[in-house]
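Engineer: Could you have a look at this structure, given as structure tokens, before my questions?
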Amino acid sequence: MRYSLRYSLRFLFLLWVWIIGMAGTVGATPPPTKQPKPVPPAEHFVILKSIQLEKLLSPSALEAAQSLIKARRCPTGEHVTGYRTNKAGKKTLVITIPCESLQRSTGQYPLTLVVQGDRAMEANLRAYEFLYNSDHIAYITDLDSNDMPEFWLWGYVCECGGDGEPGGCGCDGSVIVEFKNGNLQPWKK
């Protein structure tokens with residue numbers, strides 16, 4: 001009896017430590033993980049080269065998108081790229097604009113807008129920065145078919161023990177976040 005009581009108390013203590021540790025991470029940025037298996041190309045959002053916003057967006061979504069682009073002082077025209085899923089009935093559009101004024105302070109992510117119906121909202125990827133401004137969007141998908149895009153973000157997560165940028169030493173990491181209810185949150189299968 002004494003033997004199992006000691007292990008039961010140890011288990012309860014470790015459980016308590018784990019719960020306290022998890023409480024500190026609620027709402028925090030999830031740590032990057034190693035690169036997941038590549039997504040099959042059929043699941044990627046299709047790139048709409050040099051999209052013309054006027055043709056794809058409703059007037060109110062166009063006005064909201066132009067306001068966000070202007071507020072960040074980003075270029076328009078051929079710099080604007082759109083992404084859309086090939087799945088029938090899905091209407092979400094993702095727009096990216098490389099924007100030097102934004103990237104100087106936030107890494108390598110472009111201004112990223114998610115357009116759903118008459119709304120255009122910024123997907124704030126800045127909360128998911130990697131080392132040495134190596135952040136980039138590897139894929140945009142909708143694997144769970146809920147018309148909410150998932151962003152597969154990759155970058156460097158370590159230095160491999162040396163100074164400077166890592167190179168070929170297994171320091172790539174990734175995180176998958178989903179744009180849901182106007183916010184980014186960790187994606188769950």
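Going by the structure tokens order, chains are called A, B, ..., each with residues numbered from 1, while ligands are numbered from 1 in the order shown.
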Pick out the residues sitting within 7 Å of Asn133 of chain A, and hand them over as a PyMOL selection string; count only C-alpha atoms, and ignore anything fewer than 2 positions along from it in its own chain.

Structural biologist: chain A and resi 107-108+130-131+135

Engineer: How would the residues just picked look written out with N, CA and C atoms as a compact mmCIF listing (two decimals), in the first residue's frame?

Structural biologist:
# COMPACT_ATOMS: atom_id res chain seq x y z
N GLY A 107 9.79 41.47 -40.23
CA GLY A 107 10.28 40.25 -40.85
C GLY A 107 9.89 40.16 -42.32
N GLN A 108 9.72 38.97 -42.81
CA GLN A 108 9.54 38.75 -44.23
C GLN A 108 8.10 38.53 -44.69
N PHE A 130 10.08 34.06 -37.05
CA PHE A 130 11.16 33.11 -36.87
C PHE A 130 12.48 33.89 -36.81
N LEU A 131 13.57 33.20 -36.52
CA LEU A 131 14.89 33.84 -36.41
C LEU A 131 15.35 34.42 -37.74
N ASP A 135 11.09 34.16 -41.85
CA ASP A 135 9.69 33.77 -41.93
C ASP A 135 9.16 33.85 -43.36

Engineer: Do you know which residues are at most 10 Å from Pro110 of chain A counting only C-alpha atoms, after dropping those on the same chain fewer than 2 positions away, and could you put them as a ChimeraX atom specification?

Structural biologist: /A:74,95-100,102-103,106-108,112-113,124-126,135-137

Engineer: Using only C-alpha atoms, which of the listed residues (A:Leu184, A:Ala127, A:Val94, A:Leu111) sits closest to Arg73 of chain A?

Structural biologist: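 For Arg73 of chain A, the nearest of the candidates is A:Leu111.
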
Engineer: Measuring atom to atom with only C-alpha atoms, identify which of A:His44, A:Lys189, A:Arg119, A:Lys87 is nearest to Phe151 of chain A.

Structural biologist: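 Checking each candidate against Phe151 of chain A, we get A:His44 as the closest.
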
Engineer: Can you measure atom CA of Thr81 of chain A to atom CA of Val157 of chain A for me? One decimal in Å is fine.

Structural biologist: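 Separation of atom CA of Thr81 of chain A and atom CA of Val157 of chain A: 27.5 Å.
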
Engineer: Looking at A:Leu53, A:Ala42, A:Ala123, A:Cys171, which one is nearest to Gly77 of chain A, with distances taken over only C-alpha atoms?

Structural biologist: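 Smallest separation from Gly77 of chain A among the options: A:Leu53.
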
Engineer: Find the distance between atom CA of Thr92 of chain A and atom CA of Leu68 of chain A and write it in Å to one decimal.

Structural biologist: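 According to the coordinates, atom CA of Thr92 of chain A and atom CA of Leu68 of chain A are separated by 17.5 Å.
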
Engineer: Which residues are close to segment 147-149 of chain A, i.e. within 10 Å by only C-alpha atoms, leaving aside same-chain residues fewer than 2 positions away? Reply as number ranges by chain.

Structural biologist: A: 45, 83-85, 87, 89-94, 114, 116, 139-145, 151-152, 177-182, 184, 187

Engineer: Enumerate the residues of segment 22-156 of chain A with a DSSP assignment of helix (DSSP H, G or I), computed from the backbone, and present them as a ChimeraX atom specification.

Structural biologist: /A:22-23,41-43,53-56,59-71,77-79,100-106,125-128

Engineer: Just to be explicit: take each residue in the selection above, keep N, CA and C atoms, and write the result as a compact mmCIF listing (two decimals), in the first residue's frame.

Structural biologist:
# COMPACT_ATOMS: atom_id res chain seq x y z
N MET A 22 1.11 24.39 -18.30
CA MET A 22 0.21 24.62 -19.43
C MET A 22 -0.58 25.91 -19.23
N ALA A 23 -0.89 26.26 -18.01
CA ALA A 23 -1.65 27.48 -17.75
C ALA A 23 -0.88 28.70 -18.22
N PRO A 41 -0.12 18.96 -53.66
CA PRO A 41 -0.44 20.18 -54.43
C PRO A 41 -1.93 20.39 -54.66
N ALA A 42 -2.71 19.33 -54.70
CA ALA A 42 -4.15 19.48 -54.91
C ALA A 42 -4.82 20.22 -53.77
N GLU A 43 -4.19 20.27 -52.60
CA GLU A 43 -4.76 20.94 -51.43
C GLU A 43 -4.36 22.40 -51.33
N LEU A 53 -8.26 43.54 -58.16
CA LEU A 53 -9.16 43.47 -57.01
C LEU A 53 -10.59 43.84 -57.39
N GLU A 54 -10.74 44.78 -58.28
CA GLU A 54 -12.09 45.25 -58.64
C GLU A 54 -12.96 44.12 -59.19
N LYS A 55 -12.35 43.16 -59.87
CA LYS A 55 -13.12 42.09 -60.50
C LYS A 55 -13.50 40.99 -59.52
N LEU A 56 -12.76 40.83 -58.44
CA LEU A 56 -12.97 39.70 -57.53
C LEU A 56 -13.68 40.06 -56.22
N PRO A 59 -17.87 45.70 -53.60
CA PRO A 59 -17.45 47.09 -53.34
C PRO A 59 -17.02 47.34 -51.90
N SER A 60 -17.73 46.80 -50.92
CA SER A 60 -17.34 47.06 -49.52
C SER A 60 -16.06 46.31 -49.15
N ALA A 61 -15.86 45.10 -49.66
CA ALA A 61 -14.61 44.36 -49.39
C ALA A 61 -13.44 45.05 -50.08
N LEU A 62 -13.67 45.56 -51.30
CA LEU A 62 -12.63 46.29 -52.02
C LEU A 62 -12.22 47.54 -51.26
N GLU A 63 -13.18 48.28 -50.75
CA GLU A 63 -12.89 49.49 -49.98
C GLU A 63 -12.09 49.16 -48.71
N ALA A 64 -12.48 48.09 -48.01
CA ALA A 64 -11.75 47.69 -46.80
C ALA A 64 -10.33 47.25 -47.13
N ALA A 65 -10.16 46.48 -48.21
CA ALA A 65 -8.83 46.03 -48.62
C ALA A 65 -7.95 47.21 -49.01
N GLN A 66 -8.48 48.13 -49.81
CA GLN A 66 -7.70 49.30 -50.22
C GLN A 66 -7.31 50.17 -49.03
N SER A 67 -8.19 50.25 -48.04
CA SER A 67 -7.89 51.02 -46.84
C SER A 67 -6.73 50.39 -46.07
N LEU A 68 -6.73 49.07 -45.93
CA LEU A 68 -5.64 48.37 -45.23
C LEU A 68 -4.33 48.51 -46.01
N ILE A 69 -4.39 48.39 -47.32
CA ILE A 69 -3.18 48.52 -48.15
C ILE A 69 -2.61 49.93 -48.05
N LYS A 70 -3.47 50.93 -48.10
CA LYS A 70 -3.04 52.32 -48.01
C LYS A 70 -2.46 52.63 -46.63
N ALA A 71 -3.09 52.11 -45.57
CA ALA A 71 -2.61 52.36 -44.20
C ALA A 71 -1.19 51.81 -43.99
N GLY A 77 -1.20 47.02 -57.83
CA GLY A 77 -0.94 46.64 -59.22
C GLY A 77 -0.40 45.23 -59.31
N GLU A 78 0.69 45.05 -60.05
CA GLU A 78 1.23 43.70 -60.27
C GLU A 78 1.83 43.07 -59.02
N HIS A 79 1.99 43.83 -57.96
CA HIS A 79 2.54 43.29 -56.71
C HIS A 79 1.50 42.50 -55.92
N GLU A 100 7.53 46.72 -48.28
CA GLU A 100 8.79 47.05 -47.61
C GLU A 100 8.58 47.79 -46.30
N SER A 101 7.65 48.72 -46.25
CA SER A 101 7.45 49.50 -45.02
C SER A 101 6.99 48.59 -43.89
N LEU A 102 6.24 47.55 -44.20
CA LEU A 102 5.79 46.60 -43.19
C LEU A 102 6.89 45.62 -42.84
N GLN A 103 7.64 45.14 -43.83
CA GLN A 103 8.64 44.11 -43.62
C GLN A 103 9.86 44.61 -42.85
N ARG A 104 10.17 45.89 -42.94
CA ARG A 104 11.33 46.40 -42.20
C ARG A 104 11.19 46.19 -40.70
N SER A 105 9.96 46.27 -40.21
CA SER A 105 9.76 46.15 -38.77
C SER A 105 9.23 44.79 -38.36
N THR A 106 8.81 43.95 -39.32
CA THR A 106 8.13 42.72 -38.92
C THR A 106 8.66 41.46 -39.57
N LEU A 125 0.27 37.93 -39.22
CA LEU A 125 1.26 36.86 -39.13
C LEU A 125 2.46 37.25 -38.28
N ARG A 126 2.57 38.52 -37.92
CA ARG A 126 3.74 39.00 -37.16
C ARG A 126 3.92 38.31 -35.82
N ALA A 127 2.86 37.72 -35.27
CA ALA A 127 2.98 37.01 -34.00
C ALA A 127 3.74 35.69 -34.16
N TYR A 128 4.01 35.30 -35.41
CA TYR A 128 4.66 34.02 -35.67
C TYR A 128 5.97 34.23 -36.42

Engineer: Assign secondary structure with DSSP using the backbone only, and return the residues of segment 119-153 of chain A in strand (DSSP E or B) as a PyMOL selection string.

Structural biologist: chain A and resi 119-122+131-141+150-153
